[in-house]
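Q: Could you have a look at this structure, given as structure tokens, before my questions?
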Amino acid sequence: MNRYPAPAIADLPEDLRARILEVQEKAGFVPNVFLALARRPAEWRAFFAYHDALMLKEEGSLTKGEREMIVTATSAANRCLYCVVAHGALLRIYEKKPLVADQVAVNWRKADITPRQRAMLDFAMKVCQQADEIEDGDFTALHAHGFSDEDIWDIAAITAFFGLSNRMASFSNMMPNPEFYLLGRVPRQK
């Protein structure tokens with residue numbers, strides 16, 4: 001599965017172990033990214049601190065579903081299997097639409113999303129693939145859909161952060177947990 005062996009949970013520093021066990025309790029499994037990156041605790045802490053700052057923030061107009069939409073679309077462009085599957089599952093759950101993640105991953109332009117979300121993904125994809133071509137007109141287009149400059153920063157930061165994540169997952173051959181494939185598609189068993 002992974003080109004680098006994951007450490008045993010019992011061998012991890014207490015703060016990593018506590019967070020991983022908390023995620024396991026909530027999700028019912030440990031997402032592979034938590035263990036794969038735990039081989040380097042300082043980098044794990046930095047990665048998840050920035051992840052949480054971007055993905056769990058309360059400020060701004062981006063919903064959790066829209067944040068996951070950005071991750072799913074740009075991860076598909078970067079051909080990152082782990083992130084498309086894992087964040088596609090979260091997208092299905094947050095949007096309560098079992099088909100939307102597949103649509104966004106394959107062709108977000110034809111997905112069942114709002115014009116506002118389409119504009120958001122258009123910008124995210126430009127950041128993902130042509131960041132050097134961003135211009136004032138890109139901001140104007142987003143402002144027309146009600147995005148603030150801070151929202152636009154969030155779209156770009158999420159895209160850029162997951163560019164890093166995509167590359168780490170791909171080079172290390174990180175595979176999605178089997179549980180991700182059914183999340184948001186079938187009712188969760190208790």
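Order determines the names: the first chain of the structure tokens is A, the second B, and so forth; residues in each chain are numbered 1 upward, and ligands are numbered 1 upward as they are shown.
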With 10 Å as the cut-off and only C-alpha atoms counted, what is the closest atom pair between each nearby residue of stretch 51-96 of chain A and stretch 25-41 of chain A? Distances in Å to one decimal, ordered by chain and number, as CSV.

A:
residue,atom,partner,partner_atom,distance
A:Tyr82,CA,A:Val33,CA,8.6
A:Cys83,CA,A:Val33,CA,9.4
A:Ala86,CA,A:Pro31,CA,8.3

Q: Generate the output file for the selected residues, N, CA and C atoms, as a tab-separated table (two decimals), in the first residue's frame.

A:
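Here's the written file part_29.tsv:
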chain	number	residue	atom	x	y	z
A	82	TYR	N	-6.06	9.10	-3.43
A	82	TYR	CA	-6.42	9.17	-2.01
A	82	TYR	C	-7.35	10.34	-1.73
A	83	CYS	N	-6.96	11.53	-2.17
A	83	CYS	CA	-7.73	12.73	-1.82
A	83	CYS	C	-9.07	12.79	-2.53
A	86	ALA	N	-11.21	10.13	-0.49
A	86	ALA	CA	-11.46	10.53	0.90
A	86	ALA	C	-12.29	11.81	0.97

Q: Contacts of A:Pro115 at 9 Å or less, counting only C-alpha atoms, minus same-chain residues fewer than 4 places along, as a list of chain:residue names?

A: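 Near A:Pro115, the qualifying residues are A:Ala119, A:Met120, A:His145.
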
Q: Among chain A, which ones does DSSP place in alpha helix (DSSP H), written as number ranges by chain?

A: A: 14-27, 32-37, 41-55, 64-77, 81-95, 100-107, 115-130, 136-143, 149-171

Q: List the neighbours of A:Asp15 out to 12 Å using only C-alpha atoms; skip same-chain residues closer than 2 positions along the sequence, and give me the result as a list in words.

A: Ile9, Ala10, Asp11, Leu12, Pro13, Arg17, Ala18, Arg19, Ile20, Leu21, Glu22, Ala38, Pro41, Ala42, Trp44, Arg45 and Phe48 of chain A

Q: Go through A:Ser165, A:Thr72, A:Leu62, A:Val85 and flag the residue nearest A:Arg116, using only C-alpha atoms for the distances.

A: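 Once distances to A:Arg116 are computed over only C-alpha atoms, the minimum belongs to A:Leu62.
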
Q: Using only C-alpha atoms, find each residue in stretch 28-144 of chain A having at least one atom no more than 8 Å away from stretch 153-157 of chain A; report its shortest atom-to-atom pair and that distance in Å (one decimal), rows by chain then rising number, as a Markdown table.

A:
| residue | atom | partner | partner_atom | distance |
| --- | --- | --- | --- | --- |
| A:Leu54 | CA | A:Asp154 | CA | 7.0 |
| A:Arg67 | CA | A:Ile155 | CA | 7.7 |
| A:Ile70 | CA | A:Ile155 | CA | 7.3 |
| A:Met120 | CA | A:Ile155 | CA | 7.3 |
| A:Phe123 | CA | A:Ile155 | CA | 7.8 |
| A:Ala124 | CA | A:Ile155 | CA | 6.1 |
| A:Val127 | CA | A:Ala156 | CA | 6.2 |

Q: For each of A:Met168, A:Thr140, A:Leu183, A:Ile152, take the minimum atom-to-atom distance to A:Glu43, counting only C-alpha atoms, then give the residue where this is smallest.

A: A:Met168

Q: What gap, in Å, lies between atom CA of A:Ala160 and atom CA of A:Asn2?

A: 23.3 Å

Q: Rank A:Arg79, A:Arg109, A:Lys97, A:Lys126 by their smallest atom-to-atom distance to A:Val186, using only C-alpha atoms, and report the top residue only.

A: A:Lys97

Q: Quick one: residues within 9 Å of A:Cys80, only C-alpha atoms, excluding same-chain residues fewer than 5 positions away - as a PDB file with N, CA and C atoms, in the first residue's frame?

A:
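As a result, part_19.pdb now contains:
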ATOM      1  N   THR A  74      -9.829  19.789  -7.400  1.00  0.00           N
ATOM      2  CA  THR A  74      -8.405  20.025  -7.660  1.00  0.00           C
ATOM      3  C   THR A  74      -7.586  18.749  -7.460  1.00  0.00           C
ATOM      4  N   SER A  75      -8.006  17.891  -6.553  1.00  0.00           N
ATOM      5  CA  SER A  75      -7.307  16.613  -6.379  1.00  0.00           C
ATOM      6  C   SER A  75      -7.498  15.725  -7.603  1.00  0.00           C
ATOM      7  N   VAL A  85     -10.960  10.220  -3.353  1.00  0.00           N
ATOM      8  CA  VAL A  85     -11.851   9.264  -2.689  1.00  0.00           C
ATOM      9  C   VAL A  85     -12.206   9.734  -1.279  1.00  0.00           C
ATOM     10  N   SER A 165      -0.709  18.173  -0.356  1.00  0.00           N
ATOM     11  CA  SER A 165      -1.257  16.908   0.120  1.00  0.00           C
ATOM     12  C   SER A 165      -1.343  15.879  -1.005  1.00  0.00           C
ATOM     13  N   ASN A 166      -1.817  16.314  -2.170  1.00  0.00           N
ATOM     14  CA  ASN A 166      -1.934  15.415  -3.327  1.00  0.00           C
ATOM     15  C   ASN A 166      -0.585  14.811  -3.692  1.00  0.00           C
ATOM     16  N   ARG A 167       0.412  15.639  -3.691  1.00  0.00           N
ATOM     17  CA  ARG A 167       1.731  15.160  -4.090  1.00  0.00           C
ATOM     18  C   ARG A 167       2.331  14.217  -3.056  1.00  0.00           C
ATOM     19  N   ALA A 169       0.587  12.285  -1.001  1.00  0.00           N
ATOM     20  CA  ALA A 169      -0.189  11.034  -1.089  1.00  0.00           C
ATOM     21  C   ALA A 169       0.218  10.232  -2.319  1.00  0.00           C
ATOM     22  N   SER A 170       0.405  10.919  -3.442  1.00  0.00           N
ATOM     23  CA  SER A 170       0.720  10.200  -4.682  1.00  0.00           C
ATOM     24  C   SER A 170       2.124   9.594  -4.666  1.00  0.00           C
TER      25      SER A 170
END

Q: Residues at most 9 Å from A:Ala73, counting only C-alpha atoms, excluding those fewer than 5 positions away in the same chain, as a PDB file with N, CA and C atoms, in the first residue's frame?

A:
ATOM      1  N   GLU A  68     -14.844  21.018   0.621  1.00  0.00           N
ATOM      2  CA  GLU A  68     -14.557  19.665   0.127  1.00  0.00           C
ATOM      3  C   GLU A  68     -14.701  19.585  -1.393  1.00  0.00           C
ATOM      4  N   ASN A  78      -5.125  16.893 -10.121  1.00  0.00           N
ATOM      5  CA  ASN A  78      -3.780  16.445  -9.752  1.00  0.00           C
ATOM      6  C   ASN A  78      -3.655  14.920  -9.741  1.00  0.00           C
ATOM      7  N   VAL A  84      -9.144  12.321  -3.766  1.00  0.00           N
ATOM      8  CA  VAL A  84     -10.433  12.304  -4.467  1.00  0.00           C
ATOM      9  C   VAL A  84     -11.411  11.391  -3.735  1.00  0.00           C
ATOM     10  N   GLY A  88     -13.994  13.183  -1.503  1.00  0.00           N
ATOM     11  CA  GLY A  88     -15.268  12.957  -2.177  1.00  0.00           C
ATOM     12  C   GLY A  88     -16.299  12.395  -1.217  1.00  0.00           C
ATOM     13  N   ALA A 101     -20.036  14.140  -5.652  1.00  0.00           N
ATOM     14  CA  ALA A 101     -18.576  13.976  -5.590  1.00  0.00           C
ATOM     15  C   ALA A 101     -18.047  13.340  -6.867  1.00  0.00           C
ATOM     16  N   VAL A 104     -18.205  16.031  -9.587  1.00  0.00           N
ATOM     17  CA  VAL A 104     -17.159  17.045  -9.410  1.00  0.00           C
ATOM     18  C   VAL A 104     -15.791  16.472  -9.767  1.00  0.00           C
ATOM     19  N   ALA A 105     -15.532  15.232  -9.400  1.00  0.00           N
ATOM     20  CA  ALA A 105     -14.233  14.621  -9.671  1.00  0.00           C
ATOM     21  C   ALA A 105     -14.024  14.363 -11.156  1.00  0.00           C
ATOM     22  N   VAL A 106     -15.077  13.973 -11.855  1.00  0.00           N
ATOM     23  CA  VAL A 106     -14.924  13.625 -13.268  1.00  0.00           C
ATOM     24  C   VAL A 106     -15.005  14.859 -14.164  1.00  0.00           C
ATOM     25  N   ASN A 107     -16.023  15.693 -13.939  1.00  0.00           N
ATOM     26  CA  ASN A 107     -16.174  16.903 -14.749  1.00  0.00           C
ATOM     27  C   ASN A 107     -17.028  17.897 -13.991  1.00  0.00           C
ATOM     28  N   TRP A 108     -16.387  18.719 -13.178  1.00  0.00           N
ATOM     29  CA  TRP A 108     -17.106  19.661 -12.328  1.00  0.00           C
ATOM     30  C   TRP A 108     -17.936  20.646 -13.142  1.00  0.00           C
ATOM     31  N   LEU A 121     -15.118  26.882  -8.334  1.00  0.00           N
ATOM     32  CA  LEU A 121     -14.266  25.822  -8.861  1.00  0.00           C
ATOM     33  C   LEU A 121     -13.478  26.287 -10.079  1.00  0.00           C
ATOM     34  N   ALA A 124     -10.606  27.954  -8.460  1.00  0.00           N
ATOM     35  CA  ALA A 124      -9.739  26.962  -7.817  1.00  0.00           C
ATOM     36  C   ALA A 124      -8.915  26.209  -8.855  1.00  0.00           C
ATOM     37  N   MET A 125      -9.531  25.860  -9.960  1.00  0.00           N
ATOM     38  CA  MET A 125      -8.791  25.137 -11.002  1.00  0.00           C
ATOM     39  C   MET A 125      -7.727  26.027 -11.646  1.00  0.00           C
TER      40      MET A 125
END

Q: Enter the distance from atom CA of A:Thr63 to atom CA of A:Phe47, in Å, rounded to one decimal.

A: 21.2 Å

Q: Counting only C-alpha atoms, which of A:Gly163, A:Pro178, A:Gly146, A:Pro7 gets nearest to A:Ala131?

A: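 Nearest to A:Ala131: A:Gly163.
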
Q: Return the single residue from A:Glu133, A:Thr159, A:Asn173, A:Gly184 that is closest to A:Met55, with distances computed using only C-alpha atoms.

A: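 Using only C-alpha atoms, A:Met55 sits closest to A:Thr159.
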
Q: Which one of A:Ala77, A:Ala8, A:Ile93, A:Met69 sits closest to A:Pro187 if you count only C-alpha atoms?

A: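 Of all the options, A:Ile93 lies closest to A:Pro187.
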